[in-house]
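Source file: data_3.txt. Holds: compact mmCIF, C-alpha atoms.
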# COMPACT_ATOMS: atom_id res chain seq x y z
CA MET M 1 39.27 118.92 -94.88
CA ASP M 2 41.04 122.31 -94.68
CA ALA M 3 39.27 125.56 -95.49
CA HIS M 4 41.25 126.10 -98.67
CA ALA M 5 40.15 122.75 -100.11
CA VAL M 6 36.52 123.50 -99.25
CA ASP M 7 36.74 126.87 -101.05
CA ASP M 8 38.22 125.05 -104.01
CA ILE M 9 35.26 122.65 -104.15
CA ARG M 10 32.82 125.58 -103.81
CA SER M 11 34.27 127.11 -106.97
CA HIS M 12 33.93 123.70 -108.66
CA VAL M 13 30.25 123.62 -107.74
CA LYS M 14 29.72 126.95 -109.52
CA THR M 15 31.36 125.46 -112.63
CA TYR M 16 29.13 122.37 -112.43
CA LEU M 17 26.02 124.53 -112.41
CA MET M 18 27.26 126.52 -115.40
CA ILE M 19 27.96 123.29 -117.30
CA PHE M 20 24.48 122.09 -116.36
CA GLY M 21 23.02 125.23 -117.96
CA ALA M 22 25.15 124.77 -121.08
CA LEU M 23 24.05 121.13 -121.43
CA MET M 24 20.38 122.14 -121.15
CA VAL M 25 20.78 124.81 -123.83
CA LEU M 26 22.64 122.40 -126.15
CA THR M 27 19.95 119.73 -125.67
CA MET M 28 17.36 122.28 -126.79
CA VAL M 29 19.57 123.18 -129.76
CA THR M 30 19.76 119.49 -130.76
CA VAL M 31 15.97 119.13 -130.68
CA GLY M 32 15.38 122.55 -132.28
CA VAL M 33 17.68 121.80 -135.20
CA SER M 34 15.87 118.49 -135.85
CA TYR M 35 12.68 120.47 -136.60
CA LEU M 36 14.45 122.43 -139.34
CA HIS M 37 14.44 119.29 -141.54
CA LEU M 38 17.95 119.89 -142.86
CA PRO M 39 19.32 117.59 -145.59
CA VAL M 40 20.34 114.23 -144.04
CA ALA M 41 24.13 114.73 -144.29
CA MET M 42 23.87 118.22 -142.76
CA ALA M 43 21.50 117.03 -140.01
CA ILE M 44 23.88 114.20 -139.05
CA ALA M 45 26.86 116.57 -138.99
CA VAL M 46 25.09 119.16 -136.79
CA ALA M 47 23.68 116.51 -134.41
CA LEU M 48 27.06 114.81 -133.96
CA VAL M 49 28.93 118.09 -133.47
CA VAL M 50 26.48 119.22 -130.76
CA ALA M 51 26.55 115.76 -129.12
CA THR M 52 30.36 115.82 -129.15
CA ILE M 53 30.41 119.25 -127.47
CA LYS M 54 27.97 118.01 -124.81
CA GLY M 55 29.93 114.79 -124.31
CA SER M 56 33.17 116.75 -123.97
CA LEU M 57 31.64 119.03 -121.32
CA VAL M 58 30.53 115.98 -119.30
CA ALA M 59 33.94 114.28 -119.67
CA LEU M 60 36.01 117.42 -118.97
CA TYR M 61 34.08 118.82 -116.01
CA PHE M 62 31.94 116.10 -114.41
CA MET M 63 34.54 113.35 -114.99
CA HIS M 64 37.36 115.80 -114.17
CA LEU M 65 39.32 115.06 -117.34
CA ASN M 66 40.38 118.73 -117.49
CA HIS M 67 42.94 117.93 -114.77
CA GLU M 68 43.76 114.26 -114.63
CA ARG M 69 46.87 112.06 -114.48
CA LYS M 70 48.79 111.30 -117.65
CA LEU M 71 48.18 107.56 -117.47
CA ILE M 72 44.43 108.07 -117.90
CA TYR M 73 45.02 110.26 -120.97
CA TYR M 74 47.18 107.47 -122.47
CA VAL M 75 44.48 104.88 -121.83
CA LEU M 76 41.84 107.14 -123.37
CA ALA M 77 44.00 108.04 -126.38
CA LEU M 78 44.39 104.33 -127.14
CA THR M 79 40.63 103.86 -126.69
CA ALA M 80 39.99 106.76 -129.08
CA VAL M 81 42.19 105.16 -131.76
CA PHE M 82 40.32 101.85 -131.53
CA PHE M 83 36.97 103.66 -131.38
CA ILE M 84 37.70 105.57 -134.59
CA PHE M 85 38.89 102.35 -136.26
CA MET M 86 35.63 100.67 -135.23
CA MET M 87 33.59 103.49 -136.79
CA PHE M 88 35.37 102.92 -140.10
CA VAL M 89 34.79 99.17 -140.12
CA PRO M 90 31.45 99.52 -142.01
CA LEU M 91 33.36 101.43 -144.72
CA PHE M 92 35.73 98.49 -145.23
CA THR M 93 32.79 96.31 -146.24
CA ASN M 94 32.45 98.53 -149.33
CA MET M 95 36.08 98.07 -150.23
CA ASP M 96 35.63 94.39 -151.05
CA LYS M 97 35.75 94.75 -154.83
CA ILE M 98 36.00 91.04 -155.58
CA THR M 99 32.65 89.86 -154.27
CA GLN M 100 30.90 93.09 -155.24
CA ARG M 101 31.55 92.43 -158.91
CA TYR M 102 29.07 89.58 -158.88
CA MET Q 1 44.23 91.49 -95.85
CA GLU Q 2 43.98 95.18 -96.59
CA ILE Q 3 43.35 96.36 -100.15
CA PRO Q 4 46.29 98.56 -101.19
CA TYR Q 5 46.07 102.08 -102.64
CA THR Q 6 42.42 102.81 -101.92
CA VAL Q 7 43.19 106.32 -100.69
CA GLU Q 8 46.88 107.03 -101.24
CA VAL Q 9 48.14 107.10 -104.82
CA ARG Q 10 50.33 104.37 -106.25
CA PRO Q 11 53.75 105.88 -106.97
CA ASP Q 12 54.10 104.36 -110.45
CA THR Q 13 50.61 105.21 -111.77
CA GLY Q 14 50.04 108.41 -109.81
CA LEU Q 15 46.50 107.17 -109.14
CA SER Q 16 44.54 105.19 -106.59
CA ASN Q 17 43.87 101.65 -107.83
CA GLY Q 18 40.11 102.09 -107.90
CA LYS Q 19 40.28 105.12 -110.13
CA LEU Q 20 42.60 103.51 -112.67
CA GLY Q 21 40.45 100.39 -112.54
CA VAL Q 22 37.24 102.23 -113.30
CA TRP Q 23 38.85 104.11 -116.19
CA LEU Q 24 40.10 100.85 -117.72
CA PHE Q 25 36.59 99.45 -117.29
CA LEU Q 26 35.12 102.53 -118.99
CA ALA Q 27 37.59 102.10 -121.88
CA SER Q 28 36.22 98.58 -122.39
CA GLU Q 29 32.69 100.00 -122.16
CA VAL Q 30 33.51 102.51 -124.91
CA MET Q 31 34.47 99.58 -127.15
CA LEU Q 32 31.28 97.69 -126.26
CA PHE Q 33 29.10 100.60 -127.33
CA ALA Q 34 31.41 101.35 -130.28
CA ALA Q 35 30.69 97.87 -131.64
CA LEU Q 36 26.96 98.60 -131.52
CA PHE Q 37 27.31 102.09 -133.01
CA SER Q 38 29.42 100.55 -135.76
CA SER Q 39 26.70 97.93 -136.36
CA TYR Q 40 24.14 100.74 -136.53
CA ILE Q 41 26.17 102.50 -139.25
CA LEU Q 42 26.59 99.25 -141.20
CA LEU Q 43 22.87 98.44 -141.00
CA ARG Q 44 21.83 101.97 -141.92
CA VAL Q 45 24.24 102.38 -144.83
CA GLY Q 46 23.43 98.90 -146.12
CA SER Q 47 19.64 99.28 -146.08
CA THR Q 48 17.58 100.57 -149.00
CA GLU Q 49 15.33 102.62 -146.70
CA TRP Q 50 15.67 103.82 -143.13
CA PRO Q 51 12.90 105.47 -141.10
CA ARG Q 52 13.38 108.92 -139.53
CA GLY Q 53 13.67 108.36 -135.80
CA ALA Q 54 11.33 111.26 -135.02
CA GLU Q 55 8.52 109.60 -137.00
CA GLU Q 56 8.90 106.24 -135.23
CA LEU Q 57 9.77 107.20 -131.66
CA SER Q 58 8.57 109.77 -129.15
CA VAL Q 59 10.96 112.75 -129.25
CA PRO Q 60 9.28 114.53 -126.28
CA MET Q 61 9.76 111.45 -124.07
CA ALA Q 62 13.41 111.06 -125.09
CA PHE Q 63 13.97 114.83 -124.68
CA PHE Q 64 12.51 114.59 -121.18
CA ASN Q 65 14.76 111.59 -120.42
CA THR Q 66 17.81 113.49 -121.70
CA ILE Q 67 17.04 116.31 -119.25
CA VAL Q 68 16.52 113.72 -116.47
CA LEU Q 69 19.85 112.02 -117.13
CA ILE Q 70 21.84 115.26 -117.41
CA THR Q 71 20.26 116.45 -114.15
CA SER Q 72 21.18 113.13 -112.51
CA SER Q 73 24.79 113.64 -113.60
CA VAL Q 74 24.78 117.03 -111.88
CA THR Q 75 23.26 115.61 -108.67
CA MET Q 76 25.85 112.80 -108.79
CA VAL Q 77 28.80 115.20 -109.00
CA MET Q 78 27.16 117.35 -106.29
CA SER Q 79 26.94 114.32 -103.99
CA TRP Q 80 30.69 113.85 -104.36
CA ALA Q 81 31.33 117.59 -103.85
CA SER Q 82 29.18 117.48 -100.68
CA LEU Q 83 31.39 114.75 -99.22
CA LYS Q 84 34.46 116.81 -100.11
CA MET Q 85 32.86 119.67 -98.14
CA ASN Q 86 32.21 117.27 -95.25
CA ASP Q 87 28.42 117.58 -95.55
CA PHE Q 88 27.01 114.05 -95.27
CA GLY Q 89 23.39 115.25 -95.15
CA LYS Q 90 23.68 116.96 -98.52
CA PHE Q 91 25.48 113.92 -99.92
CA ARG Q 92 22.49 111.74 -99.02
CA MET Q 93 20.08 114.23 -100.54
CA TYR Q 94 21.99 114.49 -103.84
CA LEU Q 95 22.69 110.76 -104.19
CA GLY Q 96 19.04 110.03 -103.33
CA ALA Q 97 18.01 112.47 -106.07
CA THR Q 98 20.36 110.72 -108.51
CA ILE Q 99 18.76 107.33 -107.78
CA LEU Q 100 15.27 108.82 -108.02
CA LEU Q 101 16.09 110.34 -111.43
CA SER Q 102 17.49 106.98 -112.58
CA PHE Q 103 14.13 105.38 -111.78
CA VAL Q 104 12.29 108.20 -113.58
CA PHE Q 105 14.42 107.45 -116.67
CA LEU Q 106 13.56 103.74 -116.50
CA VAL Q 107 9.84 104.39 -116.00
CA VAL Q 108 9.73 106.65 -119.08
CA LYS Q 109 11.67 103.98 -121.00
CA TYR Q 110 9.15 101.37 -119.83
CA PHE Q 111 6.27 103.42 -121.26
CA GLU Q 112 8.15 103.85 -124.54
CA TYR Q 113 8.93 100.13 -124.81
CA SER Q 114 5.41 98.99 -123.92
CA HIS Q 115 3.90 101.42 -126.45
CA HIS Q 116 6.04 99.97 -129.25
CA LEU Q 117 5.54 96.37 -128.18
CA HIS Q 118 1.75 96.80 -128.08
CA ALA Q 119 1.90 98.30 -131.57
CA GLY Q 120 3.76 95.19 -132.74
CA GLU Q 121 6.97 97.17 -133.15
CA GLY Q 122 9.32 94.85 -131.27
CA PRO Q 123 12.93 94.16 -132.19
CA TRP Q 124 11.62 91.65 -134.80
CA HIS Q 125 9.64 94.38 -136.64
CA ASN Q 126 12.53 95.68 -138.75
CA THR Q 127 16.27 96.38 -138.62
CA TYR Q 128 15.69 99.86 -137.18
CA TYR Q 129 13.75 98.54 -134.18
CA ALA Q 130 16.22 95.67 -133.77
CA ILE Q 131 19.16 98.05 -133.29
CA TYR Q 132 17.00 100.50 -131.29
CA PHE Q 133 16.02 97.85 -128.73
CA THR Q 134 19.53 96.37 -128.61
CA ILE Q 135 21.33 99.66 -127.91
CA THR Q 136 18.72 101.25 -125.61
CA GLY Q 137 18.29 97.88 -123.84
CA LEU Q 138 22.01 97.65 -123.12
CA HIS Q 139 22.00 101.28 -121.99
CA GLY Q 140 18.99 100.57 -119.75
CA LEU Q 141 20.90 97.70 -118.12
CA HIS Q 142 23.70 100.17 -117.40
CA ILE Q 143 21.18 102.46 -115.68
CA LEU Q 144 20.06 99.49 -113.59
CA GLY Q 145 23.70 98.74 -112.69
CA GLY Q 146 24.17 102.36 -111.63
CA ILE Q 147 21.08 102.15 -109.39
CA VAL Q 148 22.51 99.06 -107.65
CA VAL Q 149 25.91 100.70 -107.01
CA ASN Q 150 24.48 104.08 -105.98
CA GLY Q 151 21.85 102.33 -103.87
CA TYR Q 152 24.61 100.46 -102.04
CA LEU Q 153 26.54 103.70 -101.44
CA LEU Q 154 23.42 105.41 -100.09
CA GLY Q 155 22.37 102.39 -98.00
CA PRO Q 156 24.65 99.80 -96.38
CA GLY Q 157 27.85 101.14 -98.00
CA ALA Q 158 27.42 104.55 -96.33
CA LYS Q 159 28.66 103.09 -93.03
CA MET Q 160 32.20 103.58 -94.34
CA TRP Q 161 31.82 107.36 -93.98
CA LYS Q 162 32.05 106.95 -90.19
CA THR Q 163 35.37 105.10 -90.27
CA GLN Q 164 37.13 105.94 -93.56
CA LYS Q 165 35.92 109.27 -94.93
CA GLU Q 166 38.43 109.61 -97.74
CA ARG Q 167 38.01 106.05 -98.98
CA PHE Q 168 34.22 106.46 -99.07
CA THR Q 169 34.57 109.77 -100.97
CA ASN Q 170 36.74 107.97 -103.53
CA ARG Q 171 34.10 105.26 -103.93
CA VAL Q 172 31.46 107.90 -104.64
CA GLU Q 173 33.80 109.58 -107.15
CA ILE Q 174 34.36 106.27 -108.96
CA ALA Q 175 30.64 105.45 -109.03
CA GLY Q 176 30.17 108.97 -110.41
CA LEU Q 177 32.66 108.37 -113.24
CA TYR Q 178 30.59 105.35 -114.29
CA TRP Q 179 27.35 107.30 -113.99
CA HIS Q 180 28.63 110.20 -116.13
CA PHE Q 181 29.69 107.66 -118.76
CA VAL Q 182 26.14 106.27 -118.87
CA ASP Q 183 24.90 109.87 -119.32
CA LEU Q 184 27.50 110.46 -122.05
CA VAL Q 185 26.34 107.41 -124.02
CA TRP Q 186 22.76 108.66 -123.89
CA ILE Q 187 23.87 112.10 -125.14
CA PHE Q 188 24.91 110.32 -128.37
CA LEU Q 189 22.03 107.82 -128.46
CA PHE Q 190 19.36 110.50 -128.31
CA PRO Q 191 20.17 112.28 -131.60
CA VAL Q 192 21.32 109.12 -133.39
CA LEU Q 193 18.20 107.03 -132.68
CA TYR Q 194 15.48 109.64 -132.17
CA LEU Q 195 16.33 112.59 -134.37
CA LEU Q 196 18.24 111.45 -137.46
Could you render the structure from this file as structure tokens?
Amino acid sequence: MDAHAVDDIRSHVKTYLMIFGALMVLTMVTVGVSYLHLPVAMAIAVALVVATIKGSLVALYFMHLNHERKLIYYVLALTAVFFIFMMFVPLFTNMDKITQRY
Amino acid sequence: MEIPYTVEVRPDTGLSNGKLGVWLFLASEVMLFAALFSSYILLRVGSTEWPRGAEELSVPMAFFNTIVLITSSVTMVMSWASLKMNDFGKFRMYLGATILLSFVFLVVKYFEYSHHLHAGEGPWHNTYYAIYFTITGLHGLHILGGIVVNGYLLGPGAKMWKTQKERFTNRVEIAGLYWHFVDLVWIFLFPVLYLL
């Protein structure tokens, strides 16, 4: 391992510790907000936004997605499309107007 | 026969085979958990009443477990970084800490489960507990899987460091990708099941 690469990793380590701090703060925010007893829709929105930020930090920095090969981005983009589709599946059950008439 | 592209990248993918493999596996894992999250939405939207997670479950225990899992993700990435810096001693310390934190998570989960089961609140109690036990149970199995893989890399698998440093570092990186995914799932499970 050459010295340059080791220096590179050292700077990564600093980033990891900063991300660790950010994740701790955001976890406290998630719990703190839950004590505010916001209306359900608002509470869900805030909780999911904070969770998405935390998830992105883990994926970008710990899983190194901030600098990865294109092929992995393609795979993940396809996964994201199917994931979003899956989240909308419950909605489709309400679109069945024929059986819901009875 | 030697396994190809464990260290050097494959020209057409630009990746080592193991790394592409684990990402494809994680993509399938996303869909597995997506199916359960989707079921959760369907059950919740379709029910006439739904309990607030905070009134049913222990938020302090889940908060503690969230901290434990995030910390374990940091120790996991630090174990990989230690190998990159050629420090095998630190690698052992960080990976050991990761495994220890995984057990802490499972022990806390055990106390949570046994509390609910003694109170008669098993998966059969209502739809909320059914989906709670299903999703957290599957997530718990993933923690167990991570312990097995990380345990191998800390124990018998560590021999590879003596002969093939780069290949071993890649193995730790790949195990780390899986471990961060397990952490990522929990980051969503915590608010969805415990707080909303």
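Proximity ranking of Q:Val45, Q:Leu26, Q:Leu101, Q:Val185 relative to Q:Ile67 places Q:Leu101 first, based on all atoms listed in the file.
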Note to self: Using all atoms listed in the file for the distances, tell me which of Q:Pro191, Q:Gly14, Q:Pro51, Q:Pro4 is nearest to Q:Asn126.
What the structure shows: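 Selected residue with least distance to Q:Asn126: Q:Pro51.
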Next item on the list: Select residues of chain M: the criterion is any atom within 9 Å of an atom of chain Q, counting only C-alpha atoms; output as a count of residues only.
Entry: 54
Item checked: Interatomic distance, atom CA of Q:Gly151 to atom CA of Q:Leu95 (Å, one decimal) ->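 Pair atom CA of Q:Gly151 / atom CA of Q:Leu95 returns 8.5 Å.
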Item checked: Pairwise distance for atom CA of Q:Val148 and atom CA of Q:Met61, rounded to one decimal in Å -> 24.2 Å
Next item on the list: Dump as number ranges by chain all residues having an atom at most 12 Å from (39.5, 109.5, -94.0), computed in the file's coordinates with only C-alpha atoms.
Entry: M: 1; Q: 6-8, 83-84, 86, 160-170
For the selection just defined, write its residues with C-alpha atoms to a file, as a tab-separated table (two decimals), in the frame of the given file.
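Below is the file that was written, again_25.tsv:
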chain	number	residue	atom	x	y	z
M	1	MET	CA	39.27	118.92	-94.88
Q	6	THR	CA	42.42	102.81	-101.92
Q	7	VAL	CA	43.19	106.32	-100.69
Q	8	GLU	CA	46.88	107.03	-101.24
Q	83	LEU	CA	31.39	114.75	-99.22
Q	84	LYS	CA	34.46	116.81	-100.11
Q	86	ASN	CA	32.21	117.27	-95.25
Q	160	MET	CA	32.20	103.58	-94.34
Q	161	TRP	CA	31.82	107.36	-93.98
Q	162	LYS	CA	32.05	106.95	-90.19
Q	163	THR	CA	35.37	105.10	-90.27
Q	164	GLN	CA	37.13	105.94	-93.56
Q	165	LYS	CA	35.92	109.27	-94.93
Q	166	GLU	CA	38.43	109.61	-97.74
Q	167	ARG	CA	38.01	106.05	-98.98
Q	168	PHE	CA	34.22	106.46	-99.07
Q	169	THR	CA	34.57	109.77	-100.97
Q	170	ASN	CA	36.74	107.97	-103.53
Check: Suppose you want the space between atom CA of Q:Asn17 and atom CA of Q:Met1; what is it in Å?
Finding: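 Interatomic distance here is 15.7 Å.
Taking all atoms listed in the file into account, the protein, DNA and RNA residues within 12 Å of (22.7, 113.4, -93.6) read Ser79, Ser82, Leu83, Asn86, Asp87, Phe88, Gly89, Lys90, Phe91, Arg92, Met93, Tyr94, Leu95, Gly96, Leu154, Gly155, Ala158, Lys159, Trp161 and Lys162 of chain Q.
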